[in-house]
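Some notes on the structure that comes next.
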Amino acid sequence: MSGERQISVDRQLELAKIARIGSYARGIIYHSKFGHVCPVCAGPKKTEYKLCIACANEARQALVLGTDGVVLADSVRFGHYAYKGEQMYRVMQGYKNADDPSADEYQKDIKYIAADALAVHYPCIAKIAGSMPTAWATIPSTRSSRNYGKPHILTKLVTPFMARMGIQQLQLQTNAEKTHNHINPRVFSLATESQQPNLAHVLLIEDSWTSGATVQSAAAMLRLHGAAYITVYCMSRIIDLNWIEGNLGSKVAEGFRRLSYKDQCPWRLCRHPV
Ligand SMILES: [Zn+2]
Ligand SMILES: [Zn+2]
């Protein structure tokens with residue numbers, strides 16, 4: 001297959017994705033002119049602070065973990081914002097719920113988002129990380145989740161893409177209840193430890209991010225096992241406009257309200273003004 005043809009296949013996939021979810025998949029931003037976006041998690045923050053409340057807390061917690069502290073994920077990127085009460089939020093909640101009559105359709109949406117990041121734009125990871133992943137994992141449901149112990153649907157959806165990369169899939173296990181907005185590396189353990197996986201660059205794939213504590217707990221656990229570089233890819237960043245309005249003010253909420261879909265690389269460092 002020629003390079004040109006490959007580009008057009010990728011572009012076709014992107015156009016199909018836009019046609020399917022473009023009306024409700026809001027684009028992610030990591031920076032805004034008036035500083036209302038957290039550069040780590042693309043969530044809302046007060047302009048006078050560097051990070052959002054959750055990321056600032058997690059950075060502080062990481063400092064006291066272990067003897068020299070642990071370093072959180074190096075790069076965190078998202079597919080789209082999922083606003084509470086809107087369609088993308090329903091997709092993220094419903095795709096893994098067997099009782100949801102739309103679950104099959106929602107899973108197709110997830111596949112398009114995954115294909116964009118993990119197939120079409122997969123080589124772009126090197127642009128932000130400086131290297132390509134050497135191992136990957138999804139994050140299992142915590143014990144308080146109704147999906148605890150069940151095969152992870154997200155794993156099923158992303159495995160066809162990741163299997164082509166020829167890197168080891170790590171098995172993470174859950175040992176404890178929810179993370180309760182605290183970083184706790186003991187919530188997870190590495191089941192594939194005995195196989196001495198190559199942890200030079202681990203790609204963690206998750207469906208949604210609210211406070212980031214669960215993902216960062218998994219990152220902290222891997223760090224304690226020697227992971228050198230950790231990239232996180234989350235399908236969605238959950239946004240609660242009511243919470244923003246009440247806690248950070250209407251200017252910050254307005255900044256998020258005005259976002260629309262943008263056809264862009266899911267891995268790039270976004271610098272367009274808002
Ligand atoms: Zn943040
Ligand atoms: Zn790209």
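By convention in this document, the chains of the structure tokens carry letters A, B, ... by their order, each chain's residues are numbered from 1, and ligands are numbered from 1 in the order they are shown.
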
(request) Using only C-alpha atoms and all ligand atoms, find each residue with an atom at most 8 Å away from ligand 1 and format the answer as a PyMOL selection string. (result) chain A and resi 37-45+51-56+211-212

Would you give me, as a tab-separated table, each residue of chain A having an atom within 6 Å of an atom of ligand 2, along with its shortest atom pair and that distance in Å to one decimal, using only C-alpha atoms and all ligand atoms and sorting by chain and residue number?
```
residue	atom	partner	partner_atom_place_in_ligand_line	distance
A:His121	CA	ligand 2	1 (Zn)	4.2
A:Cys124	CA	ligand 2	1 (Zn)	4.6
A:Cys265	CA	ligand 2	1 (Zn)	4.1
A:Trp267	CA	ligand 2	1 (Zn)	5.8
```

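For the choices A:Gly255, A:Gly69, A:Gln169, A:Asp207, the atom-to-atom distance to Arg223 of chain A is smallest for A:Gly69 when using only C-alpha atoms.
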
(message) Ranking A:Ala119, A:Leu172, A:Pro133, A:Ser236 by minimum distance to Arg11 of chain A and counting only C-alpha atoms, which one comes first?
(response)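 Ranked by minimum distance to Arg11 of chain A, first place goes to A:Ala119.
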
(message) I'd like the neighbourhood of Ile153 of chain A as a list in words, where a residue qualifies if any of its atoms comes within 9 Å (using only C-alpha atoms), though same-chain residues fewer than 6 positions away should be ignored.
(response) Tyr95, Lys96 and Gln107 of chain A

(request) Just the residues within 8 Å of Glu177 of chain A, please, counting only C-alpha atoms, with nothing from its chain fewer than 2 positions along; format it as an NGL selection string. (result) :A and (142-144 or 175 or 179 or 187)

Those selected residues, please, written with N, CA and C atoms and delivered as a CSV table (one decimal), in the first residue's frame.
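Saved as out-v1.csv:
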```csv
chain,number,residue,atom,x,y,z
A,142,THR,N,-12.3,-0.3,39.8
A,142,THR,CA,-12.1,-0.4,41.3
A,142,THR,C,-13.2,-1.2,41.9
A,143,ARG,N,-13.0,-1.7,43.1
A,143,ARG,CA,-13.9,-2.7,43.7
A,143,ARG,C,-15.3,-2.1,44.0
A,144,SER,N,-15.4,-0.8,44.1
A,144,SER,CA,-16.7,-0.2,44.3
A,144,SER,C,-17.5,0.0,43.0
A,175,ASN,N,-6.7,-3.8,44.0
A,175,ASN,CA,-6.6,-4.4,45.4
A,175,ASN,C,-7.5,-3.7,46.3
A,179,THR,N,-10.4,5.4,44.9
A,179,THR,CA,-9.2,6.2,45.3
A,179,THR,C,-9.6,7.4,46.1
A,187,VAL,N,-3.7,0.8,45.4
A,187,VAL,CA,-5.0,0.4,44.9
A,187,VAL,C,-4.8,-0.6,43.7
```

(message) Residues within 7 Å of Leu170 of chain A, please, as a ChimeraX atom specification. Count only C-alpha atoms; anything in the same chain fewer than 3 positions from it doesn't count.
(response) /A:135-137,192

(request) Determine which residues of segment 8-81 of chain A DSSP labels as strand (DSSP E) from the backbone of this structure, then write them out as a list in words. (result) Ser75, Val76, Arg77, Phe78, Gly79, His80 and Tyr81 of chain A

(request) Identify all residues of segment 34-220 of chain A in alpha helix (DSSP H) (DSSP on the backbone) and supply them as number ranges by chain. (result) A: 53-64, 87-94, 103-115, 125-129, 153-162, 213-220

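Closest approach to Val9 of chain A among A:Ile205, A:Val252, A:Ala115, A:Ala220 is made by A:Ala115 (distances from only C-alpha atoms).
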
(message) Excluding Thr138 of chain A and its own-chain neighbours fewer than 3 positions away, which residues fall within 8 Å of it when counting only C-alpha atoms? Please give them as a list in words.
(response)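 That gives Leu154, Thr155, Gln171, Leu172, Leu204, Ile205 and Glu206 of chain A.
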
Dump C-alpha atoms for the selected residues as a tab-separated table (two decimals), in the first residue's frame?
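Heads up, here's the output in part30.tsv:
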```tsv
chain	number	residue	atom	x	y	z
A	154	LEU	CA	-12.51	-0.66	27.01
A	155	THR	CA	-9.75	-3.30	26.82
A	171	GLN	CA	-2.20	-6.59	33.44
A	172	LEU	CA	-3.11	-4.28	36.26
A	204	LEU	CA	-2.05	3.88	30.08
A	205	ILE	CA	-5.45	3.94	28.40
A	206	GLU	CA	-8.56	4.98	30.32
```

(message) Between atom CA of Pro151 of chain A and atom CA of Asp240 of chain A, what distance in Å does the model show, to one decimal?
(response)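 Computed distance, atom CA of Pro151 of chain A to atom CA of Asp240 of chain A, equals 28.5 Å.
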
(message) When you count only C-alpha atoms, which of these residues is closest to Pro266 of chain A: A:Arg237, A:Arg77, A:Arg60, A:His182?
(response)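 For Pro266 of chain A, the nearest of the given residues is A:Arg77.
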
(message) So that I can see what lies close to Ile167 of chain A, please list as a ChimeraX atom specification the residues with an atom at most 10 Å from it, counting only C-alpha atoms and leaving out residues fewer than 4 positions away in the same chain.
(response) /A:132-136,162-163,197-198,202

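Of the listed residues (A:His31, A:Arg146, A:Lys111, A:Lys251), A:Lys111 comes nearest to Val158 of chain A; the distances count only C-alpha atoms.
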
Sort by chain and increasing residue number a table of all residues of segment 192-264 of chain A within 9 Å of segment 14-21 of chain A, each with its closest pair of atoms and their distance in Å to one decimal, counting only C-alpha atoms, and write it as a tab-separated table.
```
residue	atom	partner	partner_atom	distance
A:Tyr261	CA	A:Ile18	CA	8.6
A:Lys262	CA	A:Ile18	CA	9.0
A:Asp263	CA	A:Ile18	CA	7.4
```

Take the residues from that selection and put them in a file with N, CA and C atoms, as a PDB file, in the first residue's frame.
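File selection.pdb, as written:
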```pdb
ATOM      1  N   TYR A 261     -16.305  21.380  18.561  1.00  0.00           N
ATOM      2  CA  TYR A 261     -15.488  20.295  18.032  1.00  0.00           C
ATOM      3  C   TYR A 261     -14.372  20.873  17.169  1.00  0.00           C
ATOM      4  N   LYS A 262     -13.193  20.303  17.295  1.00  0.00           N
ATOM      5  CA  LYS A 262     -12.101  20.681  16.395  1.00  0.00           C
ATOM      6  C   LYS A 262     -11.440  19.406  15.907  1.00  0.00           C
ATOM      7  N   ASP A 263     -11.217  19.353  14.626  1.00  0.00           N
ATOM      8  CA  ASP A 263     -10.547  18.199  14.035  1.00  0.00           C
ATOM      9  C   ASP A 263      -9.051  18.390  14.224  1.00  0.00           C
TER      10      ASP A 263
END
```

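Taking atom CA of Trp243 of chain A and atom CA of Ser217 of chain A as endpoints, the distance between them is 24.0 Å.
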